[in-house]
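Content type mmCIF, C-alpha atoms and all ligand atoms, from the file final-v9.cif:
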data_target
#
loop_
_atom_site.group_PDB
_atom_site.id
_atom_site.type_symbol
_atom_site.label_atom_id
_atom_site.label_comp_id
_atom_site.auth_asym_id
_atom_site.auth_seq_id
_atom_site.Cartn_x
_atom_site.Cartn_y
_atom_site.Cartn_z
ATOM 1 C CA MET D 1 26.906 -21.316 10.280
ATOM 2 C CA PHE D 2 23.257 -22.040 9.486
ATOM 3 C CA ILE D 3 21.095 -22.368 6.406
ATOM 4 C CA VAL D 4 17.655 -21.232 7.499
ATOM 5 C CA LYS D 5 14.411 -20.213 5.880
ATOM 6 C CA SER D 6 13.420 -17.099 7.786
ATOM 7 C CA LEU D 7 10.073 -15.297 7.873
ATOM 8 C CA VAL D 8 9.817 -11.700 6.767
ATOM 9 C CA GLU D 9 8.080 -9.576 9.410
ATOM 10 C CA LYS D 10 7.921 -6.233 7.581
ATOM 11 C CA THR D 11 9.749 -3.855 5.298
ATOM 12 C CA ILE D 12 10.397 -0.301 6.418
ATOM 13 C CA GLU D 13 10.966 2.444 3.844
ATOM 14 C CA LEU D 14 13.493 5.058 4.855
ATOM 15 C CA GLU D 15 14.042 8.199 2.831
ATOM 16 C CA ASN D 16 15.986 8.083 -0.447
ATOM 17 C CA ASN D 17 14.656 4.664 -1.615
ATOM 18 C CA ILE D 18 16.485 2.847 1.159
ATOM 19 C CA LEU D 19 14.664 -0.188 2.556
ATOM 20 C CA VAL D 20 15.119 -2.009 5.839
ATOM 21 C CA ILE D 21 13.689 -5.517 5.982
ATOM 22 C CA LYS D 22 12.890 -7.088 9.368
ATOM 23 C CA VAL D 23 13.213 -10.870 9.455
ATOM 24 C CA TYR D 24 12.466 -13.398 12.216
ATOM 25 C CA SER D 25 15.666 -15.394 12.565
ATOM 26 C CA PRO D 26 16.562 -16.487 16.112
ATOM 27 C CA GLU D 27 19.409 -18.704 14.849
ATOM 28 C CA ILE D 28 21.147 -15.754 13.198
ATOM 29 C CA SER D 29 20.230 -13.051 15.740
ATOM 30 C CA SER D 30 21.791 -15.027 18.591
ATOM 31 C CA GLU D 31 25.083 -15.614 16.757
ATOM 32 C CA ILE D 32 25.784 -12.660 14.491
ATOM 33 C CA LYS D 33 28.492 -10.094 15.310
ATOM 34 C CA PRO D 34 28.674 -6.535 13.938
ATOM 35 C CA GLY D 35 30.276 -6.517 10.484
ATOM 36 C CA GLN D 36 29.514 -10.150 9.702
ATOM 37 C CA PHE D 37 27.291 -10.847 6.725
ATOM 38 C CA LEU D 38 24.671 -13.244 5.362
ATOM 39 C CA ASN D 39 24.462 -14.817 1.908
ATOM 40 C CA ILE D 40 20.817 -14.678 0.918
ATOM 41 C CA ARG D 41 18.839 -16.569 -1.694
ATOM 42 C CA VAL D 42 15.991 -14.182 -2.363
ATOM 43 C CA SER D 43 13.919 -16.589 -4.456
ATOM 44 C CA GLU D 44 13.712 -20.263 -5.309
ATOM 45 C CA THR D 45 13.089 -19.441 -8.954
ATOM 46 C CA TYR D 46 15.450 -16.528 -9.742
ATOM 47 C CA SER D 47 19.171 -17.475 -9.989
ATOM 48 C CA PRO D 48 18.552 -20.268 -7.480
ATOM 49 C CA LEU D 49 22.245 -21.046 -7.106
ATOM 50 C CA LEU D 50 23.371 -17.491 -6.713
ATOM 51 C CA ARG D 51 23.022 -15.878 -3.319
ATOM 52 C CA ARG D 52 23.476 -12.176 -2.555
ATOM 53 C CA PRO D 53 25.650 -10.971 0.355
ATOM 54 C CA PHE D 54 24.188 -8.491 2.875
ATOM 55 C CA SER D 55 25.489 -7.085 6.144
ATOM 56 C CA VAL D 56 23.311 -7.449 9.183
ATOM 57 C CA CYS D 57 22.220 -3.903 9.887
ATOM 58 C CA ASP D 58 20.618 -4.447 13.290
ATOM 59 C CA VAL D 59 19.331 -7.038 15.727
ATOM 60 C CA GLU D 60 16.351 -6.808 18.092
ATOM 61 C CA GLY D 61 15.668 -9.963 20.099
ATOM 62 C CA ASP D 62 14.909 -12.752 17.605
ATOM 63 C CA PHE D 63 14.734 -10.349 14.659
ATOM 64 C CA ILE D 64 17.454 -9.213 12.277
ATOM 65 C CA PHE D 65 17.355 -6.194 9.977
ATOM 66 C CA LEU D 66 18.954 -5.789 6.539
ATOM 67 C CA MET D 67 19.373 -2.447 4.771
ATOM 68 C CA PHE D 68 19.510 -2.180 1.003
ATOM 69 C CA ASN D 69 18.403 -0.298 -2.095
ATOM 70 C CA VAL D 70 17.155 -1.802 -5.326
ATOM 71 C CA LEU D 71 20.088 -2.338 -7.696
ATOM 72 C CA GLY D 72 19.245 -5.398 -9.792
ATOM 73 C CA GLU D 73 16.894 -8.381 -9.869
ATOM 74 C CA GLY D 74 17.963 -9.811 -6.478
ATOM 75 C CA THR D 75 17.308 -6.655 -4.484
ATOM 76 C CA LYS D 76 14.116 -6.036 -6.526
ATOM 77 C CA ILE D 77 12.729 -9.395 -5.363
ATOM 78 C CA LEU D 78 13.856 -8.703 -1.795
ATOM 79 C CA ALA D 79 12.093 -5.329 -1.862
ATOM 80 C CA GLN D 80 8.803 -7.032 -2.799
ATOM 81 C CA LYS D 81 8.847 -9.499 0.116
ATOM 82 C CA ARG D 82 5.840 -9.169 2.395
ATOM 83 C CA LYS D 83 5.047 -10.396 5.927
ATOM 84 C CA GLY D 84 4.905 -14.196 6.046
ATOM 85 C CA GLU D 85 7.098 -14.770 2.990
ATOM 86 C CA THR D 86 10.504 -16.396 3.505
ATOM 87 C CA ILE D 87 14.093 -15.752 2.565
ATOM 88 C CA ASP D 88 16.775 -18.424 2.608
ATOM 89 C CA ILE D 89 19.726 -17.294 4.720
ATOM 90 C CA LEU D 90 23.245 -18.716 4.904
ATOM 91 C CA GLY D 91 25.229 -17.279 7.795
ATOM 92 C CA PRO D 92 26.612 -15.747 9.896
ATOM 93 C CA LEU D 93 29.629 -15.442 7.586
ATOM 94 C CA GLY D 94 33.062 -13.841 7.717
ATOM 95 C CA HIS D 95 34.852 -11.809 10.359
ATOM 96 C CA GLY D 96 33.267 -8.695 11.790
ATOM 97 C CA PHE D 97 34.703 -5.603 13.493
ATOM 98 C CA ASN D 98 36.997 -5.958 16.509
ATOM 99 C CA LEU D 99 35.208 -3.777 19.033
ATOM 100 C CA ASP D 100 37.216 -4.648 22.126
ATOM 101 C CA ASP D 101 40.654 -3.246 21.273
ATOM 102 C CA ASP D 102 42.429 -0.580 23.255
ATOM 103 C CA TYR D 103 40.831 2.723 22.173
ATOM 104 C CA GLN D 104 38.527 5.293 23.726
ATOM 105 C CA THR D 105 36.506 6.541 20.764
ATOM 106 C CA ALA D 106 35.097 4.558 17.859
ATOM 107 C CA VAL D 107 35.106 6.771 14.777
ATOM 108 C CA ILE D 108 32.559 5.456 12.283
ATOM 109 C CA VAL D 109 33.134 6.598 8.709
ATOM 110 C CA ALA D 110 30.282 5.587 6.402
ATOM 111 C CA GLY D 111 29.699 6.436 2.755
ATOM 112 C CA GLY D 112 26.228 5.876 1.258
ATOM 113 C CA LEU D 113 24.954 2.336 1.913
ATOM 114 C CA GLY D 114 28.210 1.701 3.772
ATOM 115 C CA ALA D 115 26.129 2.826 6.767
ATOM 116 C CA ALA D 116 24.384 -0.590 6.708
ATOM 117 C CA PRO D 117 26.461 -2.497 9.321
ATOM 118 C CA PHE D 118 26.683 0.351 11.849
ATOM 119 C CA PRO D 119 23.335 0.436 13.726
ATOM 120 C CA TYR D 120 24.169 -2.982 15.223
ATOM 121 C CA PHE D 121 27.796 -1.895 15.743
ATOM 122 C CA VAL D 122 26.553 1.127 17.755
ATOM 123 C CA LYS D 123 24.391 -1.187 19.888
ATOM 124 C CA LYS D 124 27.206 -3.654 20.629
ATOM 125 C CA LEU D 125 30.019 -1.165 21.297
ATOM 126 C CA PRO D 126 31.255 -1.585 24.910
ATOM 127 C CA ASN D 127 29.784 1.068 27.262
ATOM 128 C CA ASP D 128 33.159 2.553 28.123
ATOM 129 C CA LYS D 129 33.776 3.651 24.524
ATOM 130 C CA ARG D 130 32.537 6.855 22.888
ATOM 131 C CA ILE D 131 31.233 7.100 19.310
ATOM 132 C CA ILE D 132 31.503 9.762 16.673
ATOM 133 C CA SER D 133 29.991 9.107 13.230
ATOM 134 C CA PHE D 134 31.155 10.755 10.010
ATOM 135 C CA VAL D 135 28.605 10.149 7.266
ATOM 136 C CA GLY D 136 29.188 11.142 3.663
ATOM 137 C CA GLY D 137 27.386 11.100 0.336
ATOM 138 C CA LYS D 138 27.699 12.751 -3.059
ATOM 139 C CA THR D 139 24.403 14.574 -2.374
ATOM 140 C CA ASN D 140 21.904 14.668 0.507
ATOM 141 C CA ASN D 141 20.044 11.737 -1.147
ATOM 142 C CA GLU D 142 22.969 9.444 -0.386
ATOM 143 C CA VAL D 143 23.358 10.345 3.284
ATOM 144 C CA ILE D 144 22.117 7.527 5.554
ATOM 145 C CA THR D 145 22.160 8.202 9.286
ATOM 146 C CA TYR D 146 19.780 5.394 10.400
ATOM 147 C CA GLY D 147 20.784 4.043 13.834
ATOM 148 C CA LEU D 148 23.926 6.182 14.144
ATOM 149 C CA LYS D 149 24.982 8.467 17.009
ATOM 150 C CA ASN D 150 26.878 11.799 17.304
ATOM 151 C CA ILE D 151 26.684 12.416 13.583
ATOM 152 C CA LEU D 152 28.675 14.787 11.376
ATOM 153 C CA ILE D 153 27.566 14.916 7.727
ATOM 154 C CA SER D 154 29.363 15.794 4.508
ATOM 155 C CA THR D 155 28.115 15.977 0.923
ATOM 156 C CA ASP D 156 30.277 16.538 -2.132
ATOM 157 C CA ASP D 157 27.844 19.147 -3.479
ATOM 158 C CA GLY D 158 27.149 20.836 -0.130
ATOM 159 C CA SER D 159 23.415 19.966 -0.247
ATOM 160 C CA LEU D 160 23.613 18.762 3.371
ATOM 161 C CA GLY D 161 26.180 19.409 6.113
ATOM 162 C CA PHE D 162 29.820 20.120 5.332
ATOM 163 C CA LYS D 163 30.649 20.689 1.639
ATOM 164 C CA GLY D 164 33.359 18.234 0.602
ATOM 165 C CA THR D 165 34.213 14.580 0.973
ATOM 166 C CA VAL D 166 33.970 12.727 4.245
ATOM 167 C CA ILE D 167 37.795 12.690 4.280
ATOM 168 C CA ASP D 168 37.798 16.507 4.065
ATOM 169 C CA LEU D 169 35.402 16.457 7.021
ATOM 170 C CA LEU D 170 37.731 14.174 8.992
ATOM 171 C CA ASN D 171 40.624 16.528 8.247
ATOM 172 C CA GLU D 172 38.511 19.475 9.467
ATOM 173 C CA ASN D 173 38.032 17.624 12.754
ATOM 174 C CA LEU D 174 41.594 16.388 13.273
ATOM 175 C CA GLU D 175 41.867 18.260 16.565
ATOM 176 C CA ILE D 176 38.915 16.297 18.019
ATOM 177 C CA LEU D 177 40.269 13.027 16.594
ATOM 178 C CA ASN D 178 43.667 13.620 18.160
ATOM 179 C CA LYS D 179 42.155 13.906 21.649
ATOM 180 C CA GLY D 180 42.500 10.471 23.256
ATOM 181 C CA LYS D 181 42.926 7.177 21.406
ATOM 182 C CA ILE D 182 40.619 6.566 18.471
ATOM 183 C CA LYS D 183 39.972 3.669 16.125
ATOM 184 C CA ILE D 184 38.334 4.181 12.745
ATOM 185 C CA PHE D 185 35.684 1.724 11.491
ATOM 186 C CA SER D 186 34.694 2.321 7.893
ATOM 187 C CA CYS D 187 32.477 0.988 5.124
ATOM 188 C CA GLY D 188 31.592 2.569 1.812
ATOM 189 C CA PRO D 189 32.653 2.907 -1.809
ATOM 190 C CA ASN D 190 36.124 1.693 -2.705
ATOM 191 C CA ALA D 191 37.430 5.173 -3.547
ATOM 192 C CA MET D 192 36.455 6.314 -0.066
ATOM 193 C CA LEU D 193 38.118 3.303 1.561
ATOM 194 C CA LYS D 194 41.331 4.004 -0.365
ATOM 195 C CA ALA D 195 41.278 7.569 0.944
ATOM 196 C CA ILE D 196 40.551 6.332 4.486
ATOM 197 C CA LYS D 197 43.603 4.086 4.244
ATOM 198 C CA GLU D 198 45.842 7.027 3.301
ATOM 199 C CA PHE D 199 44.281 9.193 6.008
ATOM 200 C CA SER D 200 44.757 6.513 8.707
ATOM 201 C CA ILE D 201 48.358 5.793 7.779
ATOM 202 C CA LYS D 202 49.252 9.492 7.524
ATOM 203 C CA ASN D 203 47.753 10.249 10.945
ATOM 204 C CA ASN D 204 48.791 6.996 12.568
ATOM 205 C CA PHE D 205 45.207 5.965 13.401
ATOM 206 C CA GLU D 206 44.090 2.347 13.804
ATOM 207 C CA CYS D 207 41.504 1.505 11.152
ATOM 208 C CA GLU D 208 39.321 -1.407 10.095
ATOM 209 C CA VAL D 209 37.378 -1.383 6.838
ATOM 210 C CA SER D 210 34.547 -3.576 5.611
ATOM 211 C CA ILE D 211 35.003 -4.197 1.895
ATOM 212 C CA GLU D 212 32.733 -5.533 -0.820
ATOM 213 C CA SER D 213 33.459 -7.980 -3.591
ATOM 214 C CA ALA D 214 31.473 -10.108 -5.979
ATOM 215 C CA MET D 215 30.773 -13.395 -4.189
ATOM 216 C CA ALA D 216 29.424 -16.840 -4.906
ATOM 217 C CA CYS D 217 29.803 -19.394 -2.094
ATOM 218 C CA GLY D 218 30.391 -16.881 0.730
ATOM 219 C CA PHE D 219 32.554 -19.176 2.859
ATOM 220 C CA GLY D 220 35.912 -19.758 1.191
ATOM 221 C CA ILE D 221 35.299 -22.609 -1.246
ATOM 222 C CA CYS D 222 35.053 -21.040 -4.710
ATOM 223 C CA GLN D 223 38.059 -18.640 -4.386
ATOM 224 C CA GLY D 224 35.875 -16.064 -6.135
ATOM 225 C CA CYS D 225 36.497 -13.063 -3.877
ATOM 226 C CA PRO D 226 40.269 -12.431 -3.667
ATOM 227 C CA VAL D 227 41.760 -9.223 -2.307
ATOM 228 C CA GLU D 228 45.468 -8.539 -2.548
ATOM 229 C CA SER D 229 47.178 -8.855 0.797
ATOM 230 C CA THR D 230 50.116 -6.692 1.930
ATOM 231 C CA SER D 231 51.636 -9.521 3.942
ATOM 232 C CA ASN D 232 54.449 -11.471 2.293
ATOM 233 C CA LYS D 233 53.086 -14.845 3.362
ATOM 234 C CA GLU D 234 49.765 -14.915 1.524
ATOM 235 C CA LYS D 235 49.460 -12.963 -1.720
ATOM 236 C CA TYR D 236 45.663 -12.955 -1.554
ATOM 237 C CA SER D 237 43.047 -13.066 1.166
ATOM 238 C CA LEU D 238 39.408 -14.003 0.610
ATOM 239 C CA VAL D 239 36.876 -11.290 1.350
ATOM 240 C CA CYS D 240 34.201 -13.771 2.466
ATOM 241 C CA LYS D 241 36.375 -15.865 4.771
ATOM 242 C CA ASP D 242 39.193 -13.563 5.938
ATOM 243 C CA GLY D 243 36.991 -10.419 5.817
ATOM 244 C CA PRO D 244 34.818 -8.646 4.934
ATOM 245 C CA VAL D 245 36.385 -6.591 7.742
ATOM 246 C CA PHE D 246 40.149 -6.134 7.458
ATOM 247 C CA ASN D 247 42.786 -4.075 9.189
ATOM 248 C CA VAL D 248 43.228 -1.425 6.496
ATOM 249 C CA ARG D 249 47.015 -1.913 6.540
ATOM 250 C CA ASP D 250 46.662 -5.622 5.645
ATOM 251 C CA ILE D 251 45.082 -5.236 2.196
ATOM 252 C CA VAL D 252 45.675 -3.449 -1.093
ATOM 253 C CA LEU D 253 42.707 -1.197 -1.878
HETATM 254 C C1 LIG D 301 30.099 -8.508 2.465
HETATM 255 C C2 LIG D 301 29.059 -7.729 1.690
HETATM 256 C C3 LIG D 301 28.053 -7.062 2.378
HETATM 257 C C4 LIG D 301 27.090 -6.341 1.679
HETATM 258 N N1 LIG D 301 26.125 -5.703 2.393
HETATM 259 C C5 LIG D 301 25.178 -5.008 1.738
HETATM 260 C C6 LIG D 301 24.149 -4.347 2.457
HETATM 261 O O1 LIG D 301 24.088 -4.389 3.693
HETATM 262 N N2 LIG D 301 23.204 -3.671 1.740
HETATM 263 C C7 LIG D 301 23.249 -3.626 0.368
HETATM 264 O O2 LIG D 301 22.375 -2.999 -0.242
HETATM 265 N N3 LIG D 301 24.205 -4.239 -0.332
HETATM 266 C C8 LIG D 301 25.168 -4.938 0.321
HETATM 267 N N4 LIG D 301 26.125 -5.584 -0.401
HETATM 268 C C9 LIG D 301 26.052 -5.518 -1.854
HETATM 269 C C10 LIG D 301 24.965 -6.467 -2.339
HETATM 270 O O3 LIG D 301 25.386 -7.803 -2.178
HETATM 271 C C11 LIG D 301 24.641 -6.182 -3.789
HETATM 272 O O4 LIG D 301 24.094 -4.904 -3.854
HETATM 273 C C12 LIG D 301 23.637 -7.184 -4.304
HETATM 274 O O5 LIG D 301 24.300 -8.398 -4.531
HETATM 275 C C13 LIG D 301 23.001 -6.719 -5.565
HETATM 276 O O6 LIG D 301 22.187 -7.787 -6.019
HETATM 277 P P1 LIG D 301 21.144 -7.591 -7.200
HETATM 278 O O7 LIG D 301 20.708 -8.940 -7.653
HETATM 279 O O8 LIG D 301 20.073 -6.628 -6.792
HETATM 280 O O9 LIG D 301 21.977 -6.849 -8.284
HETATM 281 P P2 LIG D 301 22.786 -7.521 -9.476
HETATM 282 O O10 LIG D 301 21.833 -7.933 -10.535
HETATM 283 O O11 LIG D 301 23.737 -8.526 -8.940
HETATM 284 O O12 LIG D 301 23.566 -6.225 -9.925
HETATM 285 C C14 LIG D 301 22.832 -5.097 -10.458
HETATM 286 C C15 LIG D 301 23.786 -3.967 -10.724
HETATM 287 O O13 LIG D 301 24.379 -3.541 -9.492
HETATM 288 C C16 LIG D 301 25.775 -3.664 -9.571
HETATM 289 N N5 LIG D 301 26.257 -4.150 -8.273
HETATM 290 C C17 LIG D 301 26.106 -5.391 -7.761
HETATM 291 N N6 LIG D 301 26.687 -5.468 -6.563
HETATM 292 C C18 LIG D 301 27.213 -4.258 -6.314
HETATM 293 C C19 LIG D 301 27.960 -3.710 -5.239
HETATM 294 N N7 LIG D 301 28.327 -4.439 -4.197
HETATM 295 N N8 LIG D 301 28.326 -2.407 -5.323
HETATM 296 C C20 LIG D 301 28.012 -1.658 -6.388
HETATM 297 N N9 LIG D 301 27.322 -2.135 -7.438
HETATM 298 C C21 LIG D 301 26.927 -3.403 -7.406
HETATM 299 C C22 LIG D 301 26.048 -4.667 -10.661
HETATM 300 O O14 LIG D 301 27.337 -4.450 -11.243
HETATM 301 C C23 LIG D 301 24.957 -4.364 -11.627
HETATM 302 O O15 LIG D 301 25.259 -3.268 -12.424
HETATM 303 C C24 LIG D 301 27.116 -6.301 0.267
HETATM 304 C C25 LIG D 301 28.114 -6.972 -0.430
HETATM 305 C C26 LIG D 301 29.083 -7.673 0.265
HETATM 306 C C27 LIG D 301 30.163 -8.388 -0.468
HETATM 307 S S1 LIG D 302 32.786 -16.190 -2.285
HETATM 308 FE FE1 LIG D 302 33.570 -18.201 -2.549
HETATM 309 S S2 LIG D 302 35.559 -18.024 -1.729
HETATM 310 FE FE2 LIG D 302 34.684 -16.098 -1.285
#
Show me, as structure tokens, the structure contained in the file I just sent.
Amino acid sequence: MFIVKSLVEKTIELENNILVIKVYSPEISSEIKPGQFLNIRVSETYSPLLRRPFSVCDVEGDFIFLMFNVLGEGTKILAQKRKGETIDILGPLGHGFNLDDDYQTAVIVAGGLGAAPFPYFVKKLPNDKRIISFVGGKTNNEVITYGLKNILISTDDGSLGFKGTVIDLLNENLEILNKGKIKIFSCGPNAMLKAIKEFSIKNNFECEVSIESAMACGFGICQGCPVESTSNKEKYSLVCKDGPVFNVRDIVL
């Protein structure tokens, strides 16, 4: 785990107000695994003690990429960063996705900005595994396909792709999913993750989810990010230290 001041290289604007910031950070790029996250202090002057957690979206050589949209003050400051300015990064943090298990097809299920960790995931997936990506949003504005492969799209209002939720779309494609051994990897709004849990258990599919929580320290000290665990031993796990990626059967969503 490092604390580094890293130089912003550029900010790329995707459609729908989504930004991708490219940052020179050899320390992080050489260590980070798909699904791990960084705790970022966007400014020395604004909430100096409070960092903001972000997934690493992609890695190219010594550069890392973060994907975000402007929600509050932290992401507003991040959006205004220009080449040569710095951000203060703590990371890599947490546990990422387990890519090496016994399965033939990785089924990505992403809702809205839940697409953020998957471009790097796609890059790092072992060559012998196939990918199919299910991407959902309420409307076409929320559909993010950046860096994904073999994409099927759903929107609740039918403005793009299949009309319905991404779970409806998975159910429509059950025949494809039942061919060979699959593992689901998902990130998105909590309601979607709850539905993914039900879907995975009902169909007996392996599934890992990346979950979000309010965070402070980012590495297990403050106890500020509990998630209820289904195991009898520990009542709570910490999202920052034990996650953010969990086997969906191990947590209460
Ligand atoms: C492990 C992890 C990985 C994350 N990865 C990403 C990522 O790759 N890209 C990204 O854009 N965001 C990601 N987030 C969420 C991100 O940390 C928040 O969006 C960010 O902290 C907002 O900071 P802010 O100062 O702009 O907003 P704040 O001022 O903190 O909040 C502004 C408004 O947004 C709401 N808000 C804050 N956080 C969230 C959230 N997580 N979900 C929904 N509403 C929220 C607040 O309730 C408030 O209404 C991640 C969070 C976690 C825990
Ligand atoms: S954020 Fe401090 S313990 Fe998780």
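Non-sequential neighbours of Lys83 (chain D) (distance at most 8 Å, separation of 3 or more positions within a chain, all atoms listed in the file) are Leu7, Val8, Glu9 and Lys10 of chain D.
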Around ligand LIG 301 (chain D), which protein and nucleic acid residues have at least one atom no more than 8 Å from it, if we count only C-alpha atoms and all ligand atoms? List them as a PDB file with C-alpha atoms, keeping the file's coordinate frame.
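See selection-v2.pdb below for the written result:
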ATOM      1  CA  GLN D  36      29.514 -10.150   9.702  1.00  0.00           C
ATOM      2  CA  PHE D  37      27.291 -10.847   6.725  1.00  0.00           C
ATOM      3  CA  LEU D  38      24.671 -13.244   5.362  1.00  0.00           C
ATOM      4  CA  ARG D  51      23.022 -15.878  -3.319  1.00  0.00           C
ATOM      5  CA  ARG D  52      23.476 -12.176  -2.555  1.00  0.00           C
ATOM      6  CA  PRO D  53      25.650 -10.971   0.355  1.00  0.00           C
ATOM      7  CA  PHE D  54      24.188  -8.491   2.875  1.00  0.00           C
ATOM      8  CA  SER D  55      25.489  -7.085   6.144  1.00  0.00           C
ATOM      9  CA  VAL D  56      23.311  -7.449   9.183  1.00  0.00           C
ATOM     10  CA  CYS D  57      22.220  -3.903   9.887  1.00  0.00           C
ATOM     11  CA  LEU D  66      18.954  -5.789   6.539  1.00  0.00           C
ATOM     12  CA  MET D  67      19.373  -2.447   4.771  1.00  0.00           C
ATOM     13  CA  PHE D  68      19.510  -2.180   1.003  1.00  0.00           C
ATOM     14  CA  ASN D  69      18.403  -0.298  -2.095  1.00  0.00           C
ATOM     15  CA  VAL D  70      17.155  -1.802  -5.326  1.00  0.00           C
ATOM     16  CA  LEU D  71      20.088  -2.338  -7.696  1.00  0.00           C
ATOM     17  CA  GLY D  72      19.245  -5.398  -9.792  1.00  0.00           C
ATOM     18  CA  GLU D  73      16.894  -8.381  -9.869  1.00  0.00           C
ATOM     19  CA  GLY D  74      17.963  -9.811  -6.478  1.00  0.00           C
ATOM     20  CA  THR D  75      17.308  -6.655  -4.484  1.00  0.00           C
ATOM     21  CA  LYS D  76      14.116  -6.036  -6.526  1.00  0.00           C
ATOM     22  CA  ILE D  77      12.729  -9.395  -5.363  1.00  0.00           C
ATOM     23  CA  LEU D 113      24.954   2.336   1.913  1.00  0.00           C
ATOM     24  CA  GLY D 114      28.210   1.701   3.772  1.00  0.00           C
ATOM     25  CA  ALA D 116      24.384  -0.590   6.708  1.00  0.00           C
ATOM     26  CA  PRO D 117      26.461  -2.497   9.321  1.00  0.00           C
ATOM     27  CA  PRO D 189      32.653   2.907  -1.809  1.00  0.00           C
ATOM     28  CA  SER D 210      34.547  -3.576   5.611  1.00  0.00           C
ATOM     29  CA  ILE D 211      35.003  -4.197   1.895  1.00  0.00           C
ATOM     30  CA  GLU D 212      32.733  -5.533  -0.820  1.00  0.00           C
ATOM     31  CA  SER D 213      33.459  -7.980  -3.591  1.00  0.00           C
ATOM     32  CA  ALA D 214      31.473 -10.108  -5.979  1.00  0.00           C
ATOM     33  CA  MET D 215      30.773 -13.395  -4.189  1.00  0.00           C
ATOM     34  CA  VAL D 239      36.876 -11.290   1.350  1.00  0.00           C
ATOM     35  CA  CYS D 240      34.201 -13.771   2.466  1.00  0.00           C
ATOM     36  CA  GLY D 243      36.991 -10.419   5.817  1.00  0.00           C
ATOM     37  CA  PRO D 244      34.818  -8.646   4.934  1.00  0.00           C
TER      38      PRO D 244
END
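Each of D:Gly61, D:Gly158, D:Pro126, D:Gly224 was checked against Gln104 (chain D) using all atoms listed in the file; the smallest atom-to-atom distance is that of D:Pro126.
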Around (17.1, 2.0, 4.0) in the file's own coordinates, what residues are found within 8 Å if you use only C-alpha atoms, given back as a ChimeraX atom specification?
/D:12-20,67-69,144,146
Exercise: Lys181 (chain D) partners within 10 Å, all atoms listed in the file, chain neighbours under 4 positions left out, as a VMD selection string:
chain D and resid 102 to 106 177 205 to 206
When distances are computed from all atoms listed in the file, which of D:Met192, D:Val248, D:Lys179, D:Ser133 shows the smallest separation from Ser231 (chain D)?
D:Val248
Show me which residues line ligand LIG 302 (chain D), defined as having an atom within 8 Å of a ligand atom where all atoms listed in the file count, and present them as a PDB file with C-alpha atoms, in the frame of the given file.
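Written output follows (selection.pdb):
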ATOM      1  CA  ALA D 214      31.473 -10.108  -5.979  1.00  0.00           C
ATOM      2  CA  MET D 215      30.773 -13.395  -4.189  1.00  0.00           C
ATOM      3  CA  ALA D 216      29.424 -16.840  -4.906  1.00  0.00           C
ATOM      4  CA  CYS D 217      29.803 -19.394  -2.094  1.00  0.00           C
ATOM      5  CA  GLY D 218      30.391 -16.881   0.730  1.00  0.00           C
ATOM      6  CA  PHE D 219      32.554 -19.176   2.859  1.00  0.00           C
ATOM      7  CA  GLY D 220      35.912 -19.758   1.191  1.00  0.00           C
ATOM      8  CA  ILE D 221      35.299 -22.609  -1.246  1.00  0.00           C
ATOM      9  CA  CYS D 222      35.053 -21.040  -4.710  1.00  0.00           C
ATOM     10  CA  GLN D 223      38.059 -18.640  -4.386  1.00  0.00           C
ATOM     11  CA  GLY D 224      35.875 -16.064  -6.135  1.00  0.00           C
ATOM     12  CA  CYS D 225      36.497 -13.063  -3.877  1.00  0.00           C
ATOM     13  CA  PRO D 226      40.269 -12.431  -3.667  1.00  0.00           C
ATOM     14  CA  LEU D 238      39.408 -14.003   0.610  1.00  0.00           C
ATOM     15  CA  VAL D 239      36.876 -11.290   1.350  1.00  0.00           C
ATOM     16  CA  CYS D 240      34.201 -13.771   2.466  1.00  0.00           C
ATOM     17  CA  LYS D 241      36.375 -15.865   4.771  1.00  0.00           C
TER      18      LYS D 241
END
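Candidate residues D:Val135, D:Ile28, D:Val107, D:Ile182 were compared for distance to Ile151 (chain D), and the nearest is D:Val135, using all atoms listed in the file.
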Identify the residues within 12 Å of coordinate (46.2, -0.6, 12.3) (same frame as the file), considering all atoms listed in the file, and give the answer as a PyMOL selection string.
chain D and resi 98+101-103+182-185+196-209+246-251
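Under the PyMOL selection byres (((chain D and resi 140) around 9) and not hetatm), the matching residues in the shown file are Asn16, Gly136, Gly137, Lys138, Thr139, Asn141, Glu142, Val143, Ile144, Ser154, Thr155, Asp156, Asp157, Gly158, Ser159, Leu160 and Gly161 of chain D.
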So which residues touch region 121-125 of chain D within 7 Å, counting only C-alpha atoms, skipping near sequence neighbours fewer than 6 positions away, as a PyMOL selection string?
chain D and resi 34+99+148
Generate a file of the selected residues that holds C-alpha atoms, formatted as a compact mmCIF listing (two decimals), in the frame of the given file.
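File written: again-v7.txt
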# COMPACT_ATOMS: atom_id res chain seq x y z
CA PRO D 34 28.67 -6.54 13.94
CA LEU D 99 35.21 -3.78 19.03
CA LEU D 148 23.93 6.18 14.14
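Here CA of Glu44 (chain D) and CA of Asp242 (chain D) stand 28.6 Å from one another.
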Students should find that CA of Val4 (chain D) and CA of His95 (chain D) are spaced 19.8 Å
One decimal, in Å: what's the spacing between CA of Thr230 (chain D) and CA of Asn190 (chain D)?
17.0 Å
Rank D:Arg41, D:Lys129, D:Lys194, D:Arg82 by their smallest atom-to-atom distance to Leu253 (chain D), using all atoms listed in the file, and report the top residue only.
D:Lys194
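Among the candidates D:Val109, D:Val23, D:Val252, D:Ile32, the residue lying nearest to Gly84 (chain D) is D:Val23 (atoms considered: all atoms listed in the file).
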